[in-house]
Amino acid sequence: MSREGKEESGNIWKSRFASLILQLSHTMRGFKLKDRCKTTQVHAYNTNPFPISPTSSKLQYPTINSILSESPFLPYGLPKTHSFEPPLDLSLKSLDFVQSLADLYRKLQMTQDFNKSLLYLEQYALLYTLGDPKLLRRCLQSARQHAVDVHSKVVLSAWLRFERREDELVGSSAFDCIGRVLECPKTALLHGYDPKSVFDHCQSHPPPNQISDANNFLTSENDGGIIHFCIHNQEVNCIRGRIAALSAPLKSMLYGDFIESDKEKIDFTHIGISVDGMRAVDSFSRTRRFDSYPPNILLELLSFANRFCCEELKSASDSYLASLVSDIDEALILIDYALDERAPLLVASCLQLMLRELPGYLYNPKVLNTFCSSEARERLATVGQTSFLLYYFLSQVAIEDNMMSKVTLMLLERLKECATERWQKALAMHQLGCVLLQRKDYKEAQRYFEMAIEAGHVYSVVGVARAKFKQGQRFLAFELINGIISEYTPMGWMYQERSLYSLGKQKILDVNDATRLDPALSFPYKYRAIVMVEENQIEAAIAEINRIVGFKVSPDCLELRAWCFIALEDYQSAIRDIRALLTLEPNYVMFRGKMRADHLVELLSLHVQPWSPADCWMQLYDQWSSVDDIGSLAVIHQMLINDPGRSILRFRQSLLLLRLNCQKAAMRSLRLARNHSTSTYERLVYEGWILYDTGHREEALAKAEESISLQRSFEAFFLKAYALADATLDSESSSFVIQLLEEALKCPSDGLRKGQALNNLGSIYVDCNKLDLAADCYVRALEIKHTRAHQGLARVYHLKSDQKSAYEEMTKLIDKARNKASAYEKRSEYCDRDMANGDLSMASLLDPLRTYPYRYRAAGTLSLSIALPPLLVTNFFVQEEIAKILTNNLTVG
């Protein structure tokens, strides 16, 4: 196309886009009346959206960004390339990730079990950059498993619960646990170290204070006679010897050189204990146990125990009070008393309630007063309830909630004060630098980043460079990153960072190098797309975003692609992307925080043909059968708007999210499915899937069986079969799984789920070498548009030595599927070496995170290096392929 043609084309879609914005502006007048007053323009509405130039009679077509920025209702626009930058990584980032993991593993092997907890926390900090929730949970579980003291158990069990967000389940409370010692709040308050029991089922434990001991200094009732303690006008009669046995000071008072030793009545009016409290002291001195006392009496006992150094009484009161705290309001009241009386278990119990209510109570004044100031930290330290672990958890919660808040900054300051080891100091300083950079305190941010570098965190050089750049020192920032590239093995993030400070062609070269070294970085794709938009190449920009959305779905990339579709007036595609985005983050705000995504969907929906419920089901079948997970998510989101209580849709949503590797969003959908269940048998199925996905297979099976006992349903049989098939199957077990799947297929369900069941049944038949039965299952699945069954049928042909048919079957899948990287990978197994290399190259191009192509090429190069002289082929090529895997996706294989 000629330059003039391009300009004419660009002006056409600019005009269309301006027209849309005007329509949206008029539409929004009816939606948000108060928003109409937010403009600073005197004349907010211009009847002619395209002003006439004073020197020309022609209309002056504005750019997209100028249209959006001038609109009183949509003052949004694409980020400018000169100001667009990737976020800093807040976690520890090693320059040699594999070596750092190896060193940490070596330390774990050399450390005694009861000292491993903090090493697993360090492992968590190191692996955080991968963003794998299951891997991170495993680190926290290992840290909890090896926790020795009550404080660490309390924090880690609360952290595990926070990651699980069990509070999203209807009817659950902060003090609930999943039935395992791992997260049990009551078990966390028990002293002792037993790493093997952590994954056992938790049981009811009697309060420690109620266990009597016959050897606790019990004396005869006549020992020393009766002593009368007078409180105001009342007397409490006690046994002198037993009161004296409570502590050395009381023994000295009653039997020593004090005048009270000769008295039969002692005035305790001003001691600070009531008559009921003194009676409780007397009862404890006789029995060494408590009856049912209200908290105020137990607090009096704590105070009395502290005054007279009664360690046994204090420990029992502390334990008993700790066992009674079960409500956040109680915890907020009792924690000050507990700190004043230095009762460690009671503080731990109150602390646990606060932590298990996060993030909901993060900004409660009482909670802030407990954690945020230096004085608060020192106060907690007096009872052994402060640590780097505690403030690491609190700061992570605060960062996730609001990175720029004053609370986040204060908690990170406490984290810095608690840091003792080098990695802890590096992490605290780096995170403080990141927060201060966001708060535009550039000099202070730079100082903290430099301190992190001194502690050994080289990645913090990126923070120094950003801080210098924000202060107008572009060249110094460039030199800093250039030095890192020269000194260390170049990595994608280094070139990504240098691109911020490069100019001209060097900027694009750096961005492209970043993608070459690490295709999983999203910034380079977005940057190139924005450049293309600025050059009016909208279709090319969409194609660029498609490259990363094809293997790594994220809200920011979907937002950018939706914006481009709006520019092309492809509103249906824009709505699709925004609906998928809202599935990932229901409260997402688009255009740099200026418009709720759900509201934009409402506006854009006025410009497309509405779908009836029947249309939605037809669209869902089409998207599902074309293996378009994003399209399927969008349709389900629209169906849920019309029918939010439909739990089966939430469940199907969770399956798609798991397929897209969006684990947290998937679990949220699964919990919402459970919450919206209208029957007990259905709720049990979803609870079973939650248990299965969190690693509790046996409990999941129990839920499935309980559900079947109430109502035979497709999903209950499918869950049971799926959980059983997860184990290594012998012939007998395989037969049982087959029976379960056949029972599932007899129950009512829609074609989408039956297709999945037939596909799974075919896989079991293949494993049992019943190839004809397997082929029949796959053909039946294909008849109801379960496109993925092509892969199973290809496997059957392959096992029958019909490579040509297997190849053709996979080609059919490639032709139908939108997400086809795995199909190319699988087809490579059914062709010759040259064609296989072509398919694997395409698989790597579509999804650089798939590891099989790299391993295949590495293995092939290795076999070639064995066959040929060393001078012709070296292991360098093998190392290069393996390095690509480690850069893009850390795997064991």
# chains A, B, ... in the order shown; residues from 1 in each chain; ligands from 1

$ residues_around --residues "segment 304-308 of chain A" --least-positions-apart "4" --cutoff "10 Å" --atoms "only C-alpha atoms" --output "MDAnalysis selection string"
chainID A and resid 246:251 271:273 277:278 281 298:300 312:315 317 341:343

$ write_last_selection --atoms "N, CA and C atoms" --output "mmCIF file, in the first residue's frame"
data_model
loop_
_atom_site.group_PDB
_atom_site.id
_atom_site.type_symbol
_atom_site.label_atom_id
_atom_site.label_comp_id
_atom_site.auth_asym_id
_atom_site.auth_seq_id
_atom_site.Cartn_x
_atom_site.Cartn_y
_atom_site.Cartn_z
ATOM 1 N N LEU A 246 3.080 -22.036 95.435
ATOM 2 C CA LEU A 246 2.899 -21.451 94.103
ATOM 3 C C LEU A 246 4.134 -20.719 93.614
ATOM 4 N N SER A 247 4.942 -20.147 94.521
ATOM 5 C CA SER A 247 6.137 -19.419 94.078
ATOM 6 C C SER A 247 7.048 -19.150 95.259
ATOM 7 N N ALA A 248 8.284 -18.834 94.973
ATOM 8 C CA ALA A 248 9.256 -18.515 96.019
ATOM 9 C C ALA A 248 8.881 -17.251 96.784
ATOM 10 N N PRO A 249 8.433 -16.157 96.115
ATOM 11 C CA PRO A 249 8.035 -14.962 96.875
ATOM 12 C C PRO A 249 6.883 -15.235 97.846
ATOM 13 N N LEU A 250 5.887 -16.026 97.442
ATOM 14 C CA LEU A 250 4.781 -16.338 98.350
ATOM 15 C C LEU A 250 5.259 -17.209 99.509
ATOM 16 N N LYS A 251 6.195 -18.106 99.231
ATOM 17 C CA LYS A 251 6.737 -18.948 100.301
ATOM 18 C C LYS A 251 7.497 -18.095 101.312
ATOM 19 N N ILE A 271 -3.945 -5.462 96.312
ATOM 20 C CA ILE A 271 -3.077 -6.289 95.468
ATOM 21 C C ILE A 271 -3.533 -6.251 94.007
ATOM 22 N N GLY A 272 -4.825 -5.971 93.809
ATOM 23 C CA GLY A 272 -5.338 -5.925 92.435
ATOM 24 C C GLY A 272 -6.046 -7.187 92.025
ATOM 25 N N ILE A 273 -6.576 -7.914 93.015
ATOM 26 C CA ILE A 273 -7.318 -9.126 92.696
ATOM 27 C C ILE A 273 -8.643 -9.100 93.435
ATOM 28 N N GLY A 277 -11.360 -13.802 92.079
ATOM 29 C CA GLY A 277 -10.026 -14.117 91.567
ATOM 30 C C GLY A 277 -9.185 -14.854 92.590
ATOM 31 N N MET A 278 -9.285 -14.421 93.862
ATOM 32 C CA MET A 278 -8.504 -15.082 94.910
ATOM 33 C C MET A 278 -9.025 -16.495 95.159
ATOM 34 N N VAL A 281 -7.427 -18.594 92.666
ATOM 35 C CA VAL A 281 -6.043 -18.897 93.045
ATOM 36 C C VAL A 281 -6.025 -20.048 94.043
ATOM 37 N N LEU A 298 -9.499 -14.881 84.653
ATOM 38 C CA LEU A 298 -8.221 -15.432 84.187
ATOM 39 C C LEU A 298 -7.180 -14.335 84.009
ATOM 40 N N LEU A 299 -7.644 -13.164 83.564
ATOM 41 C CA LEU A 299 -6.706 -12.040 83.457
ATOM 42 C C LEU A 299 -6.218 -11.605 84.838
ATOM 43 N N GLU A 300 -7.091 -11.646 85.839
ATOM 44 C CA GLU A 300 -6.665 -11.349 87.214
ATOM 45 C C GLU A 300 -5.610 -12.364 87.669
ATOM 46 N N GLU A 312 3.946 -21.478 87.278
ATOM 47 C CA GLU A 312 2.998 -22.529 86.908
ATOM 48 C C GLU A 312 1.591 -21.955 86.733
ATOM 49 N N LEU A 313 1.189 -21.081 87.650
ATOM 50 C CA LEU A 313 -0.119 -20.439 87.540
ATOM 51 C C LEU A 313 -0.188 -19.573 86.286
ATOM 52 N N LYS A 314 0.892 -18.857 86.004
ATOM 53 C CA LYS A 314 0.918 -18.002 84.816
ATOM 54 C C LYS A 314 0.809 -18.827 83.537
ATOM 55 N N SER A 315 1.574 -19.907 83.466
ATOM 56 C CA SER A 315 1.554 -20.752 82.276
ATOM 57 C C SER A 315 0.173 -21.352 82.056
ATOM 58 N N SER A 317 -2.749 -20.171 83.208
ATOM 59 C CA SER A 317 -3.692 -19.099 82.849
ATOM 60 C C SER A 317 -3.499 -18.676 81.402
ATOM 61 N N GLU A 341 0.755 -8.211 80.402
ATOM 62 C CA GLU A 341 1.045 -9.272 81.369
ATOM 63 C C GLU A 341 2.103 -10.251 80.845
ATOM 64 N N ARG A 342 2.630 -9.962 79.655
ATOM 65 C CA ARG A 342 3.691 -10.791 79.051
ATOM 66 C C ARG A 342 3.271 -12.272 79.016
ATOM 67 N N ALA A 343 2.119 -12.507 78.388
ATOM 68 C CA ALA A 343 1.581 -13.863 78.252
ATOM 69 C C ALA A 343 1.776 -14.327 76.810
#

$ select_by_dssp --residues "segment 501-593 of chain A" --states "alpha helix (DSSP H)" --output "PyMOL selection string"
chain A and resi 505-517+522-534+538-549+555-567+571-584+590-593

$ residues_around --residues "His430 of chain A" --least-positions-apart "5" --cutoff "7 Å" --atoms "only C-alpha atoms" --output "CSV table (one decimal) with all heavy atoms, in the first residue's frame"
chain,number,residue,atom,x,y,z
A,448,TYR,N,17.9,2.9,49.3
A,448,TYR,CA,17.6,1.6,49.7
A,448,TYR,C,18.0,0.5,48.7
A,448,TYR,O,18.5,-0.6,49.1
A,448,TYR,CB,16.1,1.4,50.0
A,448,TYR,CG,15.8,1.9,51.4
A,448,TYR,CD1,15.0,3.1,51.6
A,448,TYR,CD2,16.2,1.2,52.5
A,448,TYR,CE1,14.7,3.5,52.9
A,448,TYR,CE2,15.9,1.7,53.8
A,448,TYR,CZ,15.1,2.8,54.0
A,448,TYR,OH,14.8,3.2,55.2
A,449,PHE,N,17.9,0.8,47.4
A,449,PHE,CA,18.4,-0.1,46.4
A,449,PHE,C,19.9,-0.3,46.5
A,449,PHE,O,20.4,-1.4,46.4
A,449,PHE,CB,18.0,0.5,45.0
A,449,PHE,CG,16.6,0.3,44.6
A,449,PHE,CD1,15.8,1.4,44.1
A,449,PHE,CD2,16.0,-0.9,44.7
A,449,PHE,CE1,14.5,1.2,43.8
A,449,PHE,CE2,14.6,-1.1,44.4
A,449,PHE,CZ,13.9,0.0,43.9
A,452,ALA,N,20.5,-2.7,49.2
A,452,ALA,CA,20.2,-4.0,48.8
A,452,ALA,C,21.4,-4.6,48.0
A,452,ALA,O,21.7,-5.8,48.1
A,452,ALA,CB,18.9,-4.1,48.0
A,460,SER,N,19.0,-5.3,42.2
A,460,SER,CA,18.6,-4.0,42.7
A,460,SER,C,19.2,-2.8,41.9
A,460,SER,O,18.8,-1.7,42.0
A,460,SER,CB,18.9,-3.8,44.2
A,460,SER,OG,18.0,-4.7,44.9

$ residues_around --residues "Asp615 of chain A" --least-positions-apart "5" --cutoff "12 Å" --atoms "only C-alpha atoms" --output "ChimeraX atom specification"
/A:609-610,620-622,635-636,638-639

$ residues_around --residues "segment 258-261 of chain A" --least-positions-apart "6" --cutoff "12 Å" --atoms "only C-alpha atoms" --output "list in words"
Gly224, Gly225, Ile227, His228, Phe229, Arg240, Gly241, Ala244, Pro249, Leu250, Lys251, Ser252, Asp267 and Phe268 of chain A

$ residues_around --residues "segment 400-412 of chain A" --least-positions-apart "3" --cutoff "8 Å" --atoms "only C-alpha atoms" --output "list of chain:residue names"
A:Pro359, A:Tyr363, A:Leu368, A:Phe371, A:Cys372, A:Ser373, A:Tyr391, A:Tyr392, A:Leu394, A:Ser395, A:Gln396, A:Val397, A:Leu415, A:Lys416, A:Ala428, A:Gln431, A:Leu432, A:Val435, A:Leu436, A:Gln438, A:Arg439

$ residues_around --residues "segment 158-162 of chain A" --least-positions-apart "4" --cutoff "8 Å" --atoms "only C-alpha atoms" --output "PDB file with N, CA and C atoms, in the first residue's frame"
ATOM      1  N   ARG A 137       3.364 -22.562  47.645  1.00  0.00           N
ATOM      2  CA  ARG A 137       2.649 -23.190  48.763  1.00  0.00           C
ATOM      3  C   ARG A 137       3.457 -24.341  49.338  1.00  0.00           C
ATOM      4  N   LEU A 140       5.985 -22.964  51.732  1.00  0.00           N
ATOM      5  CA  LEU A 140       5.382 -22.583  53.011  1.00  0.00           C
ATOM      6  C   LEU A 140       4.996 -23.813  53.821  1.00  0.00           C
ATOM      7  N   GLN A 141       4.520 -24.848  53.143  1.00  0.00           N
ATOM      8  CA  GLN A 141       4.188 -26.080  53.850  1.00  0.00           C
ATOM      9  C   GLN A 141       5.430 -26.692  54.497  1.00  0.00           C
ATOM     10  N   VAL A 154       2.163 -20.360  64.214  1.00  0.00           N
ATOM     11  CA  VAL A 154       0.998 -19.477  64.082  1.00  0.00           C
ATOM     12  C   VAL A 154       1.074 -18.673  62.795  1.00  0.00           C
ATOM     13  N   GLU A 166      -9.508 -19.417  52.106  1.00  0.00           N
ATOM     14  CA  GLU A 166     -10.671 -20.247  52.426  1.00  0.00           C
ATOM     15  C   GLU A 166     -11.852 -19.404  52.871  1.00  0.00           C
ATOM     16  N   GLU A 183      -2.617 -26.524  58.954  1.00  0.00           N
ATOM     17  CA  GLU A 183      -3.225 -25.200  59.087  1.00  0.00           C
ATOM     18  C   GLU A 183      -4.080 -25.061  60.336  1.00  0.00           C
ATOM     19  N   PRO A 185      -5.510 -24.023  63.593  1.00  0.00           N
ATOM     20  CA  PRO A 185      -5.132 -22.928  64.502  1.00  0.00           C
ATOM     21  C   PRO A 185      -4.896 -23.398  65.934  1.00  0.00           C
ATOM     22  N   GLN A 352      -2.824 -14.795  66.018  1.00  0.00           N
ATOM     23  CA  GLN A 352      -3.306 -15.746  65.019  1.00  0.00           C
ATOM     24  C   GLN A 352      -4.652 -15.312  64.449  1.00  0.00           C
ATOM     25  N   LEU A 355      -4.069 -12.397  62.075  1.00  0.00           N
ATOM     26  CA  LEU A 355      -3.420 -12.806  60.826  1.00  0.00           C
ATOM     27  C   LEU A 355      -4.379 -13.588  59.941  1.00  0.00           C
ATOM     28  N   ARG A 356      -5.233 -14.390  60.556  1.00  0.00           N
ATOM     29  CA  ARG A 356      -6.147 -15.217  59.765  1.00  0.00           C
ATOM     30  C   ARG A 356      -7.328 -14.411  59.223  1.00  0.00           C
ATOM     31  N   LEU A 358      -6.698 -11.478  57.727  1.00  0.00           N
ATOM     32  CA  LEU A 358      -6.135 -10.617  56.679  1.00  0.00           C
ATOM     33  C   LEU A 358      -6.668 -11.056  55.316  1.00  0.00           C
ATOM     34  N   PHE A 393       5.316 -11.797  56.078  1.00  0.00           N
ATOM     35  CA  PHE A 393       3.927 -12.108  55.745  1.00  0.00           C
ATOM     36  C   PHE A 393       3.079 -10.834  55.695  1.00  0.00           C
TER      37      PHE A 393
END

$ atom_distance --atom1 "atom CA of Ala477 of chain A" --atom2 "atom CA of Leu500 of chain A"
9.1 Å

$ atom_distance --atom1 "atom CA of Val150 of chain A" --atom2 "atom CA of His191 of chain A"
6.1 Å

$ closest_residue --among "A:Val608, A:Val462, A:Ile542, A:Ala174" --to "Leu476 of chain A" --atoms "only C-alpha atoms"
A:Val462

$ atom_distance --atom1 "atom CA of Leu136 of chain A" --atom2 "atom CA of Gln123 of chain A"
8.6 Å
